[in-house]
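Below is final08.cif, which holds mmCIF, C-alpha atoms and all ligand atoms.
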data_model
loop_
_atom_site.label_atom_id
_atom_site.label_comp_id
_atom_site.auth_asym_id
_atom_site.auth_seq_id
_atom_site.Cartn_x
_atom_site.Cartn_y
_atom_site.Cartn_z
CA MET A 657 0.00 0.00 0.00
CA ASP A 658 1.31 3.49 -0.75
CA ALA A 659 -0.03 7.00 -0.20
CA ILE A 660 0.32 8.10 -3.82
CA THR A 661 -2.02 5.37 -5.13
CA VAL A 662 -4.61 6.23 -2.45
CA ILE A 663 -4.41 9.95 -3.32
CA ARG A 664 -4.65 9.26 -7.07
CA THR A 665 -7.69 6.99 -6.59
CA LYS A 666 -9.64 9.76 -4.86
CA ARG A 667 -8.24 12.50 -7.09
CA ASP A 668 -9.64 10.66 -10.12
CA GLY A 669 -13.09 10.26 -8.53
CA GLY A 670 -12.73 6.59 -7.49
CA ARG A 671 -13.81 4.77 -4.33
CA LEU A 672 -11.33 3.97 -1.59
CA THR A 673 -11.36 0.31 -0.52
CA ASP A 674 -11.69 -0.72 3.15
CA ALA A 675 -8.04 -1.80 3.11
CA GLN A 676 -6.88 1.54 1.67
CA ILE A 677 -8.83 3.48 4.31
CA ASP A 678 -7.61 1.35 7.23
CA TRP A 679 -4.04 1.65 6.00
CA VAL A 680 -4.00 5.39 5.33
CA ILE A 681 -5.57 6.34 8.69
CA ASP A 682 -3.24 4.05 10.62
CA ALA A 683 -0.13 5.08 8.67
CA TYR A 684 -1.00 8.79 9.07
CA THR A 685 -1.50 8.38 12.84
CA ARG A 686 1.91 6.69 13.08
CA GLY A 687 3.61 9.39 10.96
CA GLU A 688 4.33 7.10 8.01
CA VAL A 689 2.00 9.08 5.72
CA ALA A 690 3.21 12.71 5.75
CA ASP A 691 1.06 15.79 6.46
CA TYR A 692 1.46 16.97 2.85
CA GLN A 693 0.17 13.62 1.56
CA MET A 694 -2.82 13.64 3.91
CA SER A 695 -3.52 17.29 2.88
CA ALA A 696 -3.70 16.20 -0.76
CA LEU A 697 -6.03 13.32 0.13
CA ALA A 698 -8.27 15.59 2.26
CA MET A 699 -8.54 18.05 -0.65
CA ALA A 700 -9.41 15.20 -3.05
CA ILE A 701 -12.13 14.07 -0.60
CA LEU A 702 -13.43 17.65 -0.34
CA LEU A 703 -13.64 17.91 -4.13
CA ASN A 704 -14.88 14.38 -4.98
CA GLY A 705 -16.70 13.24 -1.82
CA MET A 706 -17.01 9.78 -0.29
CA ASP A 707 -19.98 7.39 -0.40
CA ARG A 708 -21.73 6.05 2.69
CA VAL A 709 -19.63 2.89 2.86
CA GLU A 710 -16.38 4.85 2.62
CA ILE A 711 -17.49 7.33 5.32
CA ALA A 712 -18.47 4.46 7.65
CA ARG A 713 -15.08 2.78 7.19
CA TRP A 714 -13.18 6.08 7.57
CA THR A 715 -15.04 6.71 10.86
CA ALA A 716 -14.36 3.17 12.13
CA ALA A 717 -10.65 3.54 11.31
CA MET A 718 -10.46 6.81 13.25
CA ILE A 719 -12.20 5.22 16.25
CA ALA A 720 -9.74 2.29 16.08
CA SER A 721 -6.79 4.73 16.17
CA GLY A 722 -7.32 5.25 19.93
CA GLU A 723 -9.08 4.12 23.08
CA ARG A 724 -12.82 3.70 23.71
CA MET A 725 -14.35 4.77 26.99
CA ASP A 726 -16.73 2.50 28.87
CA PHE A 727 -19.57 3.81 31.03
CA SER A 728 -21.27 0.45 31.55
CA SER A 729 -20.54 0.62 35.30
CA LEU A 730 -22.83 3.65 35.72
CA ALA A 731 -26.30 3.14 37.17
CA ARG A 732 -27.83 5.80 34.89
CA PRO A 733 -28.24 5.70 31.08
CA THR A 734 -25.77 7.94 29.22
CA ALA A 735 -26.85 10.67 26.80
CA ASP A 736 -24.69 13.26 25.12
CA LYS A 737 -25.24 16.25 22.86
CA HIS A 738 -23.03 17.67 20.15
CA SER A 739 -23.50 21.03 18.50
CA THR A 740 -21.82 21.79 15.20
CA GLY A 741 -21.08 25.24 16.63
CA GLY A 742 -22.66 28.65 16.54
CA VAL A 743 -22.65 32.17 17.96
CA GLY A 744 -23.94 32.53 21.53
CA ASP A 745 -24.40 28.75 21.69
CA LYS A 746 -24.06 28.22 25.42
CA ILE A 747 -26.68 25.44 25.52
CA THR A 748 -24.33 22.73 26.86
CA LEU A 749 -23.94 24.70 30.11
CA PRO A 750 -27.58 24.54 31.29
CA LEU A 751 -28.35 21.32 29.35
CA ALA A 752 -25.84 18.93 30.98
CA PRO A 753 -26.98 19.59 34.59
CA LEU A 754 -30.63 19.68 33.46
CA VAL A 755 -30.45 16.19 31.94
CA ALA A 756 -28.56 14.97 35.05
CA ALA A 757 -31.36 16.38 37.23
CA CYS A 758 -33.81 14.28 35.18
CA GLY A 759 -31.91 11.01 35.76
CA GLY A 760 -29.50 10.88 32.80
CA ALA A 761 -25.69 10.71 32.87
CA VAL A 762 -24.04 13.28 30.54
CA PRO A 763 -20.37 12.64 29.65
CA GLN A 764 -19.78 15.88 27.76
CA LEU A 765 -16.31 15.98 26.19
CA SER A 766 -15.98 19.49 24.82
CA GLY A 767 -13.55 21.64 22.89
CA ARG A 768 -12.16 25.14 22.81
CA GLY A 769 -13.27 27.85 20.43
CA LEU A 770 -11.46 28.50 17.19
CA GLY A 771 -12.51 31.29 14.86
CA HIS A 772 -15.88 32.98 15.31
CA THR A 773 -17.62 30.23 17.32
CA GLY A 774 -16.99 29.97 21.05
CA GLY A 775 -15.82 26.86 22.90
CA THR A 776 -17.57 25.39 25.94
CA LEU A 777 -14.30 24.91 27.86
CA ASP A 778 -13.29 28.57 27.35
CA LYS A 779 -16.68 29.63 28.71
CA LEU A 780 -16.47 27.46 31.83
CA GLU A 781 -12.86 28.51 32.49
CA SER A 782 -14.17 32.01 33.24
CA ILE A 783 -15.50 30.53 36.52
CA PRO A 784 -12.73 30.98 39.14
CA GLY A 785 -11.00 27.67 39.95
CA TRP A 786 -12.83 25.50 37.37
CA ARG A 787 -10.65 22.80 35.73
CA ALA A 788 -11.22 21.39 32.21
CA LEU A 789 -8.52 18.72 32.41
CA LEU A 790 -9.62 15.60 34.28
CA SER A 791 -8.16 12.10 34.26
CA ASN A 792 -10.49 9.32 33.05
CA ASP A 793 -10.97 8.22 36.69
CA GLU A 794 -11.88 11.75 37.81
CA MET A 795 -14.29 12.10 34.91
CA LEU A 796 -16.04 8.85 35.85
CA ARG A 797 -16.23 9.90 39.50
CA VAL A 798 -17.87 13.28 38.71
CA LEU A 799 -20.23 11.61 36.25
CA GLY A 800 -21.21 8.99 38.84
CA ASP A 801 -21.59 11.49 41.73
CA VAL A 802 -23.30 14.38 39.90
CA GLY A 803 -24.69 12.83 36.70
CA ALA A 804 -22.94 15.36 34.44
CA VAL A 805 -19.35 16.25 33.63
CA ILE A 806 -18.00 18.71 31.06
CA CYS A 807 -14.29 18.32 30.39
CA ALA A 808 -11.59 18.23 27.71
CA ALA A 809 -11.31 15.08 25.60
CA GLY A 810 -8.16 13.13 26.51
CA ASP A 811 -5.38 12.58 23.96
CA GLY A 812 -6.23 8.88 23.73
CA LEU A 813 -9.62 9.42 22.04
CA ALA A 814 -9.52 9.21 18.21
CA PRO A 815 -5.93 10.55 17.89
CA ALA A 816 -6.19 10.24 14.08
CA ASP A 817 -8.93 12.88 14.16
CA LYS A 818 -6.92 15.18 16.40
CA LYS A 819 -4.08 15.17 13.85
CA LEU A 820 -6.33 15.36 10.81
CA TYR A 821 -8.55 18.13 12.19
CA ALA A 822 -5.52 20.33 12.91
CA LEU A 823 -4.32 19.69 9.36
CA ARG A 824 -7.72 20.45 7.78
CA ASP A 825 -7.87 23.69 9.75
CA VAL A 826 -4.80 25.03 7.94
CA THR A 827 -5.35 23.50 4.48
CA GLY A 828 -8.86 24.78 3.60
CA THR A 829 -10.40 21.31 3.97
CA VAL A 830 -12.64 21.73 7.01
CA GLU A 831 -15.84 22.10 4.97
CA ALA A 832 -16.12 18.57 3.54
CA ILE A 833 -19.28 16.84 4.81
CA PRO A 834 -17.70 13.30 4.92
CA LEU A 835 -14.74 14.68 6.91
CA ILE A 836 -16.89 16.74 9.31
CA ALA A 837 -19.30 13.83 9.91
CA SER A 838 -16.54 11.25 10.51
CA SER A 839 -14.57 13.68 12.70
CA ILE A 840 -17.49 14.43 15.02
CA MET A 841 -18.87 10.90 15.14
CA SER A 842 -15.53 9.13 15.67
CA LYS A 843 -15.06 11.13 18.89
CA LYS A 844 -18.63 10.65 20.07
CA ILE A 845 -18.65 6.90 19.38
CA ALA A 846 -15.20 6.43 21.02
CA GLU A 847 -16.48 8.40 24.02
CA GLY A 848 -18.91 5.55 24.66
CA THR A 849 -22.24 7.35 25.09
CA GLY A 850 -25.35 5.20 24.69
CA SER A 851 -27.38 7.91 23.00
CA LEU A 852 -26.56 11.13 21.21
CA VAL A 853 -28.48 14.20 20.12
CA LEU A 854 -26.90 16.30 17.38
CA ASP A 855 -27.66 20.01 17.17
CA VAL A 856 -26.84 20.83 13.56
CA LYS A 857 -26.79 24.59 13.12
CA VAL A 858 -27.97 26.27 9.91
CA GLY A 859 -27.31 29.85 8.88
CA SER A 860 -24.67 32.56 8.59
CA GLY A 861 -23.11 31.80 12.00
CA ALA A 862 -22.83 28.04 11.30
CA PHE A 863 -20.57 25.76 9.24
CA MET A 864 -23.61 24.84 7.14
CA LYS A 865 -25.05 27.97 5.57
CA ASN A 866 -28.06 26.28 3.98
CA ARG A 867 -30.67 23.72 4.98
CA GLU A 868 -29.78 21.12 2.29
CA ASP A 869 -26.13 20.86 3.41
CA ALA A 870 -27.19 20.75 7.08
CA ARG A 871 -29.68 17.98 6.30
CA GLU A 872 -27.01 15.97 4.46
CA LEU A 873 -24.56 16.36 7.36
CA ALA A 874 -27.22 15.44 9.93
CA THR A 875 -28.41 12.40 7.97
CA THR A 876 -24.83 11.17 7.51
CA MET A 877 -24.06 11.52 11.23
CA VAL A 878 -27.33 9.88 12.34
CA GLY A 879 -26.51 6.94 10.02
CA LEU A 880 -22.98 6.60 11.44
CA GLY A 881 -24.22 6.68 15.05
CA THR A 882 -27.00 4.19 14.42
CA ASP A 883 -24.62 1.78 12.60
CA HIS A 884 -22.35 1.83 15.67
CA GLY A 885 -25.18 1.09 18.12
CA VAL A 886 -25.54 4.67 19.43
CA ASN A 887 -29.16 5.82 19.58
CA THR A 888 -28.74 9.01 17.51
CA VAL A 889 -31.12 11.81 16.47
CA ALA A 890 -30.46 15.29 15.06
CA LEU A 891 -32.22 18.63 15.24
CA LEU A 892 -31.54 21.26 12.59
CA THR A 893 -31.63 24.61 14.44
CA ASP A 894 -31.45 28.22 13.36
CA MET A 895 -28.11 30.06 13.46
CA SER A 896 -28.93 33.07 11.28
CA THR A 897 -28.96 35.25 14.41
CA PRO A 898 -27.10 34.65 17.71
CA LEU A 899 -28.69 32.42 20.34
CA GLY A 900 -29.80 34.41 23.36
CA LEU A 901 -28.49 37.82 24.33
CA THR A 902 -24.77 37.20 24.82
CA ALA A 903 -21.71 35.99 22.88
CA GLY A 904 -18.49 35.73 24.91
CA ASN A 905 -17.18 33.52 27.69
CA ALA A 906 -18.23 34.95 31.10
CA LEU A 907 -21.21 36.72 29.50
CA GLU A 908 -22.54 33.35 28.32
CA VAL A 909 -21.96 31.70 31.71
CA ARG A 910 -24.01 34.49 33.32
CA GLU A 911 -26.87 33.91 30.85
CA SER A 912 -26.74 30.12 31.39
CA VAL A 913 -27.07 30.63 35.15
CA GLU A 914 -30.12 32.83 34.48
CA VAL A 915 -31.67 29.95 32.52
CA LEU A 916 -30.89 27.52 35.36
CA ALA A 917 -32.54 29.98 37.78
CA GLY A 918 -35.78 29.74 35.77
CA GLY A 919 -35.28 32.92 33.67
CA GLY A 920 -33.10 33.70 30.64
CA PRO A 921 -33.91 34.46 27.00
CA ALA A 922 -36.84 32.55 25.47
CA ASP A 923 -34.84 31.04 22.55
CA VAL A 924 -32.14 29.64 24.89
CA VAL A 925 -34.78 28.13 27.20
CA GLU A 926 -36.72 26.66 24.25
CA LEU A 927 -33.66 25.00 22.70
CA THR A 928 -32.34 23.76 26.06
CA VAL A 929 -35.67 22.10 26.88
CA ALA A 930 -36.08 20.69 23.32
CA LEU A 931 -32.60 19.11 23.38
CA ALA A 932 -33.11 17.82 26.94
CA ARG A 933 -36.39 16.20 25.86
CA GLU A 934 -34.62 14.49 22.93
CA MET A 935 -31.71 13.29 25.11
CA LEU A 936 -34.06 11.91 27.77
CA ASP A 937 -36.23 10.13 25.17
CA ALA A 938 -33.16 8.67 23.47
CA ALA A 939 -31.90 7.45 26.86
CA GLY A 940 -35.25 5.80 27.64
CA LEU A 941 -36.22 8.36 30.34
CA LYS A 942 -39.53 9.28 28.75
CA ASP A 943 -41.34 10.29 31.96
CA ALA A 944 -38.80 12.95 33.00
CA ASP A 945 -39.93 16.60 32.81
CA PRO A 946 -37.05 19.00 31.94
CA ALA A 947 -39.22 22.15 32.15
CA LYS A 948 -40.11 21.22 35.75
CA ALA A 949 -36.44 20.54 36.63
CA LEU A 950 -35.57 24.06 35.45
CA ALA A 951 -38.43 25.62 37.39
CA ASP A 952 -37.97 23.72 40.69
CA GLY A 953 -34.24 24.44 41.11
CA SER A 954 -33.02 20.83 40.72
CA ALA A 955 -31.12 21.67 37.48
CA MET A 956 -29.44 24.59 39.29
CA ASP A 957 -28.51 22.29 42.16
CA HIS A 958 -26.81 19.89 39.70
CA TRP A 959 -24.99 22.81 38.03
CA ARG A 960 -23.55 23.96 41.37
CA ARG A 961 -22.40 20.44 42.24
CA MET A 962 -20.90 19.90 38.76
CA ILE A 963 -18.93 23.16 38.90
CA ALA A 964 -17.73 22.53 42.47
CA ALA A 965 -16.68 18.93 41.62
CA GLN A 966 -14.25 20.38 39.05
CA GLY A 967 -12.75 22.94 41.46
CA GLY A 968 -14.96 25.88 40.48
CA ASP A 969 -16.71 28.27 42.86
CA PRO A 970 -20.32 28.65 41.65
CA ASP A 971 -20.77 31.70 43.90
CA ALA A 972 -17.65 33.60 42.78
CA PRO A 973 -18.30 36.81 40.81
CA LEU A 974 -17.63 36.32 37.08
CA PRO A 975 -14.96 38.45 35.38
CA ILE A 976 -16.16 41.71 33.78
CA ALA A 977 -14.24 43.35 30.92
CA ARG A 978 -12.52 46.64 31.75
CA GLU A 979 -14.03 48.64 28.84
CA GLN A 980 -17.46 48.88 27.19
CA HIS A 981 -18.69 50.50 23.98
CA VAL A 982 -22.42 50.89 23.24
CA LEU A 983 -23.78 50.70 19.69
CA THR A 984 -27.11 52.52 19.31
CA ALA A 985 -29.97 52.37 16.76
CA GLU A 986 -29.54 54.81 13.88
CA SER A 987 -33.29 55.00 13.19
CA THR A 988 -36.67 54.08 14.61
CA GLY A 989 -38.37 50.95 13.22
CA VAL A 990 -38.28 47.16 13.34
CA LEU A 991 -34.98 45.35 13.72
CA THR A 992 -35.24 42.78 10.92
CA GLU A 993 -31.69 41.43 10.89
CA LEU A 994 -28.91 40.79 13.41
CA ASP A 995 -26.36 38.65 11.62
CA ALA A 996 -24.91 35.77 13.65
CA TYR A 997 -21.60 35.57 11.80
CA ALA A 998 -20.90 39.31 12.20
CA VAL A 999 -21.63 39.17 15.96
CA GLY A 1000 -19.40 36.08 16.28
CA VAL A 1001 -16.53 37.82 14.50
CA ALA A 1002 -17.01 40.94 16.65
CA ALA A 1003 -16.87 38.86 19.87
CA TRP A 1004 -13.78 37.08 18.58
CA ARG A 1005 -12.05 40.38 17.67
CA LEU A 1006 -12.91 41.80 21.11
CA GLY A 1007 -10.81 38.97 22.61
CA ALA A 1008 -13.43 36.26 23.36
CA GLY A 1009 -11.96 33.88 20.77
CA ARG A 1010 -8.56 32.93 19.44
CA ALA A 1011 -6.89 33.03 16.02
CA ARG A 1012 -4.36 30.28 16.86
CA LYS A 1013 -4.79 27.33 19.21
CA GLU A 1014 -2.19 28.64 21.64
CA ASP A 1015 -3.70 32.16 21.97
CA PRO A 1016 -5.23 33.16 25.34
CA VAL A 1017 -8.86 34.34 25.51
CA GLN A 1018 -10.28 37.20 27.56
CA ALA A 1019 -12.91 35.91 30.00
CA GLY A 1020 -14.95 39.14 30.05
CA ALA A 1021 -14.83 40.00 26.32
CA GLY A 1022 -17.82 39.68 24.02
CA VAL A 1023 -21.07 41.18 22.82
CA GLU A 1024 -24.23 41.83 24.80
CA ILE A 1025 -27.40 42.08 22.69
CA HIS A 1026 -30.22 44.44 23.73
CA ALA A 1027 -32.68 43.86 20.85
CA LYS A 1028 -33.41 40.76 18.75
CA PRO A 1029 -34.91 40.55 15.25
CA GLY A 1030 -38.63 41.31 15.26
CA GLU A 1031 -38.42 43.93 18.04
CA GLU A 1032 -39.41 47.61 17.61
CA VAL A 1033 -36.44 49.90 18.31
CA THR A 1034 -36.14 53.69 18.75
CA ALA A 1035 -33.35 55.87 17.31
CA GLY A 1036 -30.60 56.25 19.93
CA GLN A 1037 -31.59 53.13 21.87
CA PRO A 1038 -28.68 50.78 22.77
CA LEU A 1039 -28.62 47.72 20.50
CA LEU A 1040 -25.30 46.11 21.43
CA THR A 1041 -22.70 46.59 24.17
CA LEU A 1042 -19.19 45.50 23.20
CA HIS A 1043 -16.92 44.34 26.07
CA THR A 1044 -13.11 44.04 26.07
CA ASP A 1045 -10.06 44.56 28.28
CA THR A 1046 -8.20 46.06 25.30
CA PRO A 1047 -10.09 49.10 23.89
CA GLU A 1048 -7.91 49.29 20.77
CA ARG A 1049 -9.96 46.31 19.59
CA PHE A 1050 -13.25 48.28 19.43
CA GLU A 1051 -12.65 49.71 15.95
CA TYR A 1052 -11.77 46.33 14.45
CA ALA A 1053 -14.83 44.74 16.08
CA LEU A 1054 -17.11 47.56 14.87
CA ASP A 1055 -15.83 46.99 11.29
CA SER A 1056 -17.21 43.44 11.39
CA LEU A 1057 -20.64 44.75 12.43
CA ALA A 1058 -21.03 47.07 9.41
CA GLY A 1059 -24.29 46.07 7.71
CA ALA A 1060 -24.99 43.35 10.30
CA LEU A 1061 -28.01 45.12 11.80
CA VAL A 1062 -30.93 46.13 9.59
CA ILE A 1063 -33.74 48.41 10.83
CA ASP A 1064 -36.80 48.63 8.54
CA ALA A 1065 -39.70 51.12 8.69
CA PRO A 1066 -41.95 51.08 11.79
CA GLY A 1067 -44.70 48.49 11.45
CA THR A 1068 -42.78 46.30 8.95
CA ALA A 1069 -44.09 42.75 9.20
CA TYR A 1070 -41.51 40.28 10.50
CA GLU A 1071 -41.77 36.51 10.49
CA ARG A 1072 -39.69 34.90 13.20
CA THR A 1073 -37.59 31.88 12.14
CA PRO A 1074 -38.38 28.93 14.45
CA VAL A 1075 -35.52 27.88 16.76
CA VAL A 1076 -35.93 24.19 15.79
CA LEU A 1077 -36.25 23.83 12.01
CA GLU A 1078 -36.37 20.08 11.51
CA ARG A 1079 -35.83 16.73 13.25
CA ILE A 1080 -33.90 13.85 11.66
CA GLY A 1081 -33.72 10.37 13.12
N1 LIG B 1101 -16.09 19.71 14.74
C1 LIG B 1101 -15.33 18.60 14.71
O1 LIG B 1101 -15.07 17.96 15.72
N2 LIG B 1101 -14.84 18.19 13.51
C2 LIG B 1101 -15.10 18.84 12.37
O2 LIG B 1101 -14.64 18.41 11.34
C3 LIG B 1101 -15.89 20.00 12.42
C4 LIG B 1101 -16.38 20.41 13.63
#

Translate this structure into structure tokens?
Amino acid sequence: MDAITVIRTKRDGGRLTDAQIDWVIDAYTRGEVADYQMSALAMAILLNGMDRVEIARWTAAMIASGERMDFSSLARPTADKHSTGGVGDKITLPLAPLVAACGGAVPQLSGRGLGHTGGTLDKLESIPGWRALLSNDEMLRVLGDVGAVICAAGDGLAPADKKLYALRDVTGTVEAIPLIASSIMSKKIAEGTGSLVLDVKVGSGAFMKNREDARELATTMVGLGTDHGVNTVALLTDMSTPLGLTAGNALEVRESVEVLAGGGPADVVELTVALAREMLDAAGLKDADPAKALADGSAMDHWRRMIAAQGGDPDAPLPIAREQHVLTAESTGVLTELDAYAVGVAAWRLGAGRARKEDPVQAGAGVEIHAKPGEEVTAGQPLLTLHTDTPERFEYALDSLAGALVIDAPGTAYERTPVVLERIG
């Protein structure tokens, strides 16, 4: 077997055999296939695609490159959620303790933000003392004691994906549906969850800008999960405008705590409850009532225990950025557009996100939203507050917001896009 033949096969629009896939993933993980050869293969896959059988084998080979976790000793059924990433998507924070409060076990292995979408670990690290890095034993202990744990994935899980994802990030090959689906599902299957709910975002702030691509990605991932014995469903959800009223690490933790306290923005509450319902159904806990667990304080109780179990102080004040800049409405009318991608880029430029993996993030940086699409606004009214520790970033962040907010004449009819667009599974 040699890398050049494998690359040429895909370059010329052919199918890769099981043996070719097993070999190339294993040889790449061991360093025998070079980064430049895998880059060429990834680009050929992006241009020519893979069929269902190839994607399934590619995923299985990535799972086999590392360890698989085993939660069979837990008394509760496991359920996990994966979001393909969006702006203001803090849902994991209230969702994990909510599902735990309803009797599920949530082993949430999360990542850091890169580019305009935030990362769950960066958000939680704004809580003083909270630790993302746990050993497998610690993770199992927190999961057993509390019912939910959110931590960094260990190096042993799908190492082939870790290497390949970093390579795709710098070679313009992230946006290939077979590679995205196999990347996400190899980690989730290796993680060992019994059921999985996928939140596939659609819109300007998401990977998938249109519904057809999102549907194809969701269908591919549901098929992969099901074939590996994981009870998998997907929701396609709107990401044309940010979720909730905040984008940025500590700002999003604050909003999540509001949701756990029974308040918070309506779209965040709706999506949190919808995903919790799906996770509980998939885990066989059909009688649980997530709306009640939010209202009666039991989800908040699980949040506090989960944060404390990982060294965090749930009562500590959250960091606040040193400087603020308020953006006001230029006219009176109906806000008809608030573009998710532009807000995500603004939050990133304010310091909430990173350009390179090793960059630090500012805990307090981000964007606070005062009006959402469909609301009447008055000239001069605050629409956004930008937060940063480094005020020289304001101008750069404001550049990204040019044209992102549209105010139409007073009385303009506005049709709200539903939060949940479609269910697949
Ligand atoms: N998230 C992943 O884990 N992998 C991808 O390829 C894209 C998003």

Test item: residues no farther than 10 Å from ligand LIG 1101 (chain B), counting only C-alpha atoms and all ligand atoms, as a PDB file with C-alpha atoms, keeping the file's coordinate frame:
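So the final result, stored in out_15.pdb, reads:
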ATOM      1  CA  HIS A 738     -23.030  17.670  20.150  1.00  0.00           C
ATOM      2  CA  SER A 739     -23.500  21.030  18.500  1.00  0.00           C
ATOM      3  CA  THR A 740     -21.820  21.790  15.200  1.00  0.00           C
ATOM      4  CA  GLY A 741     -21.080  25.240  16.630  1.00  0.00           C
ATOM      5  CA  SER A 766     -15.980  19.490  24.820  1.00  0.00           C
ATOM      6  CA  GLY A 767     -13.550  21.640  22.890  1.00  0.00           C
ATOM      7  CA  ASP A 817      -8.930  12.880  14.160  1.00  0.00           C
ATOM      8  CA  LYS A 818      -6.920  15.180  16.400  1.00  0.00           C
ATOM      9  CA  LEU A 820      -6.330  15.360  10.810  1.00  0.00           C
ATOM     10  CA  TYR A 821      -8.550  18.130  12.190  1.00  0.00           C
ATOM     11  CA  ALA A 822      -5.520  20.330  12.910  1.00  0.00           C
ATOM     12  CA  ARG A 824      -7.720  20.450   7.780  1.00  0.00           C
ATOM     13  CA  ASP A 825      -7.870  23.690   9.750  1.00  0.00           C
ATOM     14  CA  THR A 829     -10.400  21.310   3.970  1.00  0.00           C
ATOM     15  CA  VAL A 830     -12.640  21.730   7.010  1.00  0.00           C
ATOM     16  CA  GLU A 831     -15.840  22.100   4.970  1.00  0.00           C
ATOM     17  CA  ALA A 832     -16.120  18.570   3.540  1.00  0.00           C
ATOM     18  CA  ILE A 833     -19.280  16.840   4.810  1.00  0.00           C
ATOM     19  CA  PRO A 834     -17.700  13.300   4.920  1.00  0.00           C
ATOM     20  CA  LEU A 835     -14.740  14.680   6.910  1.00  0.00           C
ATOM     21  CA  ILE A 836     -16.890  16.740   9.310  1.00  0.00           C
ATOM     22  CA  ALA A 837     -19.300  13.830   9.910  1.00  0.00           C
ATOM     23  CA  SER A 838     -16.540  11.250  10.510  1.00  0.00           C
ATOM     24  CA  SER A 839     -14.570  13.680  12.700  1.00  0.00           C
ATOM     25  CA  ILE A 840     -17.490  14.430  15.020  1.00  0.00           C
ATOM     26  CA  MET A 841     -18.870  10.900  15.140  1.00  0.00           C
ATOM     27  CA  SER A 842     -15.530   9.130  15.670  1.00  0.00           C
ATOM     28  CA  LYS A 843     -15.060  11.130  18.890  1.00  0.00           C
ATOM     29  CA  LYS A 844     -18.630  10.650  20.070  1.00  0.00           C
ATOM     30  CA  PHE A 863     -20.570  25.760   9.240  1.00  0.00           C
TER      31      PHE A 863
END

Could you tell me how far atom CA of Ala804 of chain A sits from atom CA of Asp937 of chain A, in Å to one decimal place?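 Atom CA of Ala804 of chain A lies 17.0 Å from atom CA of Asp937 of chain A.
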
message: Residues within 8 Å of segment 1036-1047 of chain A, please, as a ChimeraX atom specification. Count only C-alpha atoms; anything in the same chain fewer than 2 positions from it doesn't count.
response: /A:977-987,1003,1006-1007,1018,1020-1027,1033-1034,1049-1050

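Taking atom CA of Met718 of chain A as the reference point, atom CA of Pro763 of chain A is found at 20.0 Å.
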
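Nearest-residue note for Ala949 of chain A: choosing from A:Ala756, A:Lys865, A:Asp682, A:Gly904, the minimum distance belongs to A:Ala756, counting only C-alpha atoms.
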
Return as CSV the residues of segment 683-726 of chain A lying at most 12 Å from segment 884-902 of chain A, together with the closest atom-to-atom pair for each and the distance in Å to one decimal, counting all atoms listed in the file, with rows in chain order and ascending residue number.
residue,atom,partner,partner_atom,distance
A:Ala712,CA,A:His884,CA,9.3
A:Arg713,CA,A:His884,CA,11.2
A:Thr715,CA,A:His884,CA,10.0
A:Ala716,CA,A:His884,CA,8.8
A:Ile719,CA,A:His884,CA,10.7

Atom CA of Leu974 of chain A sits from atom CA of Ala998 of chain A at a separation of 25.3 Å

Exercise for review: Considering all atoms listed in the file, state which residue in the set A:Ala955, A:Ile963, A:Ala659, A:Ile1080 is at the smallest distance from Glu872 of chain A.
Suggested key: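 Of the candidates, the smallest distance to Glu872 of chain A is held by A:Ile1080.
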
For Ala752 of chain A, please output as an MDAnalysis selection string all residues within 12 Å (counting all atoms listed in the file; exclusion window: fewer than 4 positions along the same chain). chainID A and resid 734:738 746:748 756:766 776 799 802:807 912 916 928:929 931:932 935:936 946 950 955:963

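Every residue within 10 Å of the file position (-18.2, 29.3, 20.5), judged by all atoms listed in the file, is given as Thr740, Gly741, Gly742, Val743, Gly744, Asp745, Lys746, Gly767, Arg768, Gly769, Leu770, Gly771, His772, Thr773, Gly774, Gly775, Thr776, Leu777, Asp778, Lys779, Ala903, Gly904, Asn905, Glu908, Gly1000, Ala1003, Trp1004, Ala1008 and Gly1009 of chain A.
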
Print the selection's residues with C-alpha atoms to a file, as a CSV table (one decimal), keeping the file's coordinate frame.
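Listing of again-v8.csv after writing:
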chain,number,residue,atom,x,y,z
A,740,THR,CA,-21.8,21.8,15.2
A,741,GLY,CA,-21.1,25.2,16.6
A,742,GLY,CA,-22.7,28.6,16.5
A,743,VAL,CA,-22.6,32.2,18.0
A,744,GLY,CA,-23.9,32.5,21.5
A,745,ASP,CA,-24.4,28.8,21.7
A,746,LYS,CA,-24.1,28.2,25.4
A,767,GLY,CA,-13.6,21.6,22.9
A,768,ARG,CA,-12.2,25.1,22.8
A,769,GLY,CA,-13.3,27.8,20.4
A,770,LEU,CA,-11.5,28.5,17.2
A,771,GLY,CA,-12.5,31.3,14.9
A,772,HIS,CA,-15.9,33.0,15.3
A,773,THR,CA,-17.6,30.2,17.3
A,774,GLY,CA,-17.0,30.0,21.0
A,775,GLY,CA,-15.8,26.9,22.9
A,776,THR,CA,-17.6,25.4,25.9
A,777,LEU,CA,-14.3,24.9,27.9
A,778,ASP,CA,-13.3,28.6,27.4
A,779,LYS,CA,-16.7,29.6,28.7
A,903,ALA,CA,-21.7,36.0,22.9
A,904,GLY,CA,-18.5,35.7,24.9
A,905,ASN,CA,-17.2,33.5,27.7
A,908,GLU,CA,-22.5,33.4,28.3
A,1000,GLY,CA,-19.4,36.1,16.3
A,1003,ALA,CA,-16.9,38.9,19.9
A,1004,TRP,CA,-13.8,37.1,18.6
A,1008,ALA,CA,-13.4,36.3,23.4
A,1009,GLY,CA,-12.0,33.9,20.8

Hey, what's within 12 Å of Ala1069 of chain A if we count only C-alpha atoms and toss same-chain stuff fewer than 6 positions away? As a ChimeraX atom specification, please? /A:989-992,1029-1032,1063
